[in-house]
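*Asks:* Following this message is one structure expressed as structure tokens.
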Amino acid sequence: MEKHNQDVLVTGAAGFIGYHLCRRLLDQGCRVTGLDNLNDYYDVSLKQARLDRLRPSENFTFSRTDLEDRQAMESLFSERSFDVVVNLAAQAGVRYSLTNPHAYADTNLIGFVNVLEGCRHSGVDHLVFASSSSVYGANTRMPFSVHDNVDHPVSLYAATKKANELMAHTYSHLYGLACTGLRFFTVYGPWGRPDMALFLFTRAILAGEPIQVFNHGRMRRDFTYIDDIVEGVVRIMGRRPEPNPAWQGDTPDPGTSYAPYRIYNIGNNQPVELMDFVGAVEKALGQTAKKVFLDLQPGDVPATYANIDDLIADTGFTPQTTVEDGVARFVRWYREYYGC
């Protein structure tokens with residue numbers, strides 16, 4: 001399943017998922033070009049620390065570039081040849097999209113067009129791109145299936161991710177560009193993002209500060225450990241999507257197409273109550289959290305739960321990491337990295 005000696009472009013290489021994917025690909029013997037703009041959405045020193053762990057590899061090349069910089073992106077694709085492109089760069093975060101909408105249009109829409117154009121004109125064999133569980137929006141039928149309609153996003157972030165899926169399908173239809181979209185479900189683990197719940201909880205509990213528990217703890221999330229996400233991405237990278245011969249326009253299947261295009265969920269397939277997640281953090285830290293219970297925030301959804309039948313059927317992979325194990329690994333990393 002693993003392919004070696006490939007030339008791979010990973011956008012968002014200094015990010016949480018991007019860093020871990022680059023490490024895995026380098027270990028496999030791939031030549032990796034990592035692209036990132038190192039923006040200050042969160043602590044840039046953490047992004048630099050991730051890059052510092054990648055740079056010693058002679059097979060790693062870093063390009064500090066904005067996805068929305070059309071000329072720079074055209075130059076990148078004209079100067080180098082890539083077998084596979086994995087687009088993980090995006091303006092992330094649901095709540096930030098309420099106050100900074102233009103950042104999402106610039107990176108997630110304009111930037112993604114530049115990625116698609118680069119792939120189209122340079123003959124990239126397979127584009128794998130990050131979508132998000134947030135695209136399910138107002139859907140309530142559980143578990144979330146890629147074969148369900150997702151036309152009711154509840155945040156601009158989610159809308160841009162749905163737009164990415166539509167844009168990719170257009171390029172698959174028009175130019176035969178093989179595209180696979182991956183809807184990630186609440187990724188966590190070492191080297192994670194400081195704006196995510198696990199990071200925020202750990203930092204606050206260690207500092208003796210209260211944690212914010214939204215929707216009064218009645219949230220359920222399909223928390224997915226980073227190693228499981230990376231395993232899923234790598235397996236999908238090696239599986240170029242084929243047209244679905246059974247696809248019909250009068251009963252269109254959103255998850256497949258008559259074009260070389262597929263959508264997959266990557267989630268743990270075991271949603272966890274937020275209070276149980278907090279309990280796992282408390283156990284790993286050996287401390288009890290002070291809790292402030294708040295209402296559901298605008299743009300948030302009360303529950304996520306991934307149907308991963310297609311992922312299992314097509315790749316043979318099922319995420320296995322429990323929340324207890326994954327949280328404990330994160331806490332060990334956090335204490336070591338921050339010296340606390």
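Residue names in the structure tokens use chain letters A, B, ... in the order shown, residue numbers from 1 in each chain, and ligand numbers from 1 in the order shown.
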Name the residues of segment 25-164 of chain A that fall into strand (DSSP E) according to DSSP on the backbone, using the chain letters and numbers of this document, as a PyMOL selection string.
*Replies:* chain A and resi 31-36+60-64+84-87+126-132
*Asks:* Would you pick out the contacts of segment 242-249 of chain A at 7 Å or less, using only C-alpha atoms, so that residues sharing its chain but fewer than 3 positions from it are not included, and give the list as a list in words?
*Replies:* Pro252, Asp253, Thr256, Ser257, Tyr258, Ala259, Pro260 and Tyr261 of chain A
*Asks:* May I have the selected residues written with C-alpha atoms, as a PDB file, in the first residue's frame?
*Replies:*
```pdb
ATOM      1  CA  PRO A 252     -26.871  11.603  -7.561  1.00  0.00           C
ATOM      2  CA  ASP A 253     -24.576  10.091  -4.944  1.00  0.00           C
ATOM      3  CA  THR A 256     -18.829   9.412  -5.617  1.00  0.00           C
ATOM      4  CA  SER A 257     -19.081  10.518  -9.240  1.00  0.00           C
ATOM      5  CA  TYR A 258     -18.945   9.568 -12.899  1.00  0.00           C
ATOM      6  CA  ALA A 259     -15.624  11.470 -12.740  1.00  0.00           C
ATOM      7  CA  PRO A 260     -12.457  10.310 -10.866  1.00  0.00           C
ATOM      8  CA  TYR A 261     -13.609  11.799  -7.565  1.00  0.00           C
TER       9      TYR A 261
END
```
*Asks:* Rounded to one decimal in Å, what is the spacing between atom CA of Ile226 of chain A and atom CA of Arg80 of chain A?
*Replies:*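 Those two atoms sit 28.7 Å apart.
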*Asks:* Which polymer residues have any atom within 8 Å of an atom of segment 68-77 of chain A, counting only C-alpha atoms, with same-chain residues fewer than 6 positions away left out, as a count of residues only?
*Replies:* 10
*Asks:* Return the single residue from A:Val124, A:Ala159, A:Val327, A:Leu21 that is closest to Glu231 of chain A, with distances computed using only C-alpha atoms.
*Replies:*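 The shortest atom-to-atom distance to Glu231 of chain A comes from A:Leu21.
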*Asks:* Please determine, counting only C-alpha atoms, which residue among A:Val233, A:His126, A:Ser131, A:Leu177 has the shortest atom-to-atom distance to Lys161 of chain A.
*Replies:*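 Comparing A:Val233, A:His126, A:Ser131, A:Leu177 against Lys161 of chain A, the winner is A:Ser131.
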*Asks:* Return as number ranges by chain the full set of residues in segment 15-190 of chain A whose backbone-based DSSP assignment is helix (DSSP H, G or I).
*Replies:* A: 16-27, 44-54, 70-79, 96-99, 101-122, 133-136, 156-175
*Asks:* Got a sec: who's within 10 Å of Arg235 of chain A, counting only C-alpha atoms, leaving out chain neighbours fewer than 2 positions off, as a list in words?
*Replies:* Met1, Glu2, Lys3, Val230, Glu231, Gly232, Val233, Met237, Gly238, Arg239, Leu311, Asp314, Thr315, Gly316 and Phe317 of chain A
*Asks:* Can you list, as a list in words, every protein, DNA or RNA residue that comes within 12 Å of Leu166 of chain A when you count only C-alpha atoms, leaving out same-chain residues fewer than 4 positions away?
*Replies:*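 Here the answer would be Leu109, Phe112, Val113, Leu116, Phe129, Ser131, Val135, Val150, Asp151, Ala159, Thr160, Lys161, Lys162, Thr170, Tyr171, Ser172, His173, Cys179, Thr180, Gly181, Pro254, Gly255, Thr256, Ser257, Tyr261, Arg262 and Ile263 of chain A.
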*Asks:* So which one's closest to Asp227 of chain A, A:Gly123, A:Pro56, A:Gly279, A:Pro190? Using only C-alpha atoms, please.
*Replies:* A:Pro190
*Asks:* What's the 6 Å shell around Val85 of chain A, counting only C-alpha atoms, without same-chain residues fewer than 4 positions away, as a list in words?
*Replies:*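 Surrounding residues, per the criterion: Val8, Leu9 and Leu127 of chain A.
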*Asks:* Take the residues from that selection and write them out as a PDB file, in the first residue's frame, keeping C-alpha atoms.
*Replies:*
```
ATOM      1  CA  VAL A   8       4.784  14.733  -2.835  1.00  0.00           C
ATOM      2  CA  LEU A   9       3.676  18.297  -2.172  1.00  0.00           C
ATOM      3  CA  LEU A 127      -4.930  15.474  -5.458  1.00  0.00           C
TER       4      LEU A 127
END
```
*Asks:* Just the residues within 9 Å of Ala89 of chain A, please, counting only C-alpha atoms, with nothing from its chain fewer than 4 positions along; format it as a ChimeraX atom specification.
*Replies:* /A:10-13,15,18,35-37,67,107-108,111-112,129-130
*Asks:* Store the residues picked out above, limited to C-alpha atoms, as a PDB file, in the first residue's frame.
*Replies:*
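Result file follows (part.pdb):
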```
ATOM      1  CA  VAL A  10       2.136  18.785   1.280  1.00  0.00           C
ATOM      2  CA  THR A  11       0.555  22.173   1.851  1.00  0.00           C
ATOM      3  CA  GLY A  12       0.176  23.237   5.464  1.00  0.00           C
ATOM      4  CA  ALA A  13       3.360  21.297   6.261  1.00  0.00           C
ATOM      5  CA  GLY A  15       0.539  22.568  10.690  1.00  0.00           C
ATOM      6  CA  GLY A  18       0.792  18.385   7.834  1.00  0.00           C
ATOM      7  CA  LEU A  35       4.531  24.493   1.837  1.00  0.00           C
ATOM      8  CA  ASP A  36       3.311  26.805   4.589  1.00  0.00           C
ATOM      9  CA  ASN A  37       2.920  30.549   5.110  1.00  0.00           C
ATOM     10  CA  LEU A  67      -1.679  29.532  -1.233  1.00  0.00           C
ATOM     11  CA  THR A 107      -6.908  30.742   1.766  1.00  0.00           C
ATOM     12  CA  ASN A 108      -9.705  28.217   1.476  1.00  0.00           C
ATOM     13  CA  GLY A 111      -5.843  29.418  -2.453  1.00  0.00           C
ATOM     14  CA  PHE A 112      -7.586  26.175  -3.365  1.00  0.00           C
ATOM     15  CA  PHE A 129      -7.438  17.450   0.018  1.00  0.00           C
ATOM     16  CA  ALA A 130      -8.664  18.074   3.541  1.00  0.00           C
TER      17      ALA A 130
END
```
*Asks:* Tell me which of A:Tyr338, A:Tyr41, A:Phe330, A:Phe144 sits closest to Asp222 of chain A, counting only C-alpha atoms.
*Replies:* A:Phe144
*Asks:* Quote the spacing between atom CA of Glu117 of chain A and atom CA of Asp83 of chain A in Å to one decimal place.
*Replies:* 14.9 Å
*Asks:* Can you work out the spacing between atom CA of Val272 of chain A and atom CA of Ala328 of chain A in Å, to one decimal?
*Replies:* 15.7 Å
*Asks:* Of the candidates A:Pro153, A:Gly192, A:Pro143, A:Gly217, which shows the shortest atom-to-atom distance to Lys291 of chain A, using only C-alpha atoms?
*Replies:* A:Gly217
*Asks:* Pick the closest to Asp300 of chain A from A:Arg95, A:Arg23, A:Arg183, A:His147: which is it, counting only C-alpha atoms?
*Replies:* A:Arg95
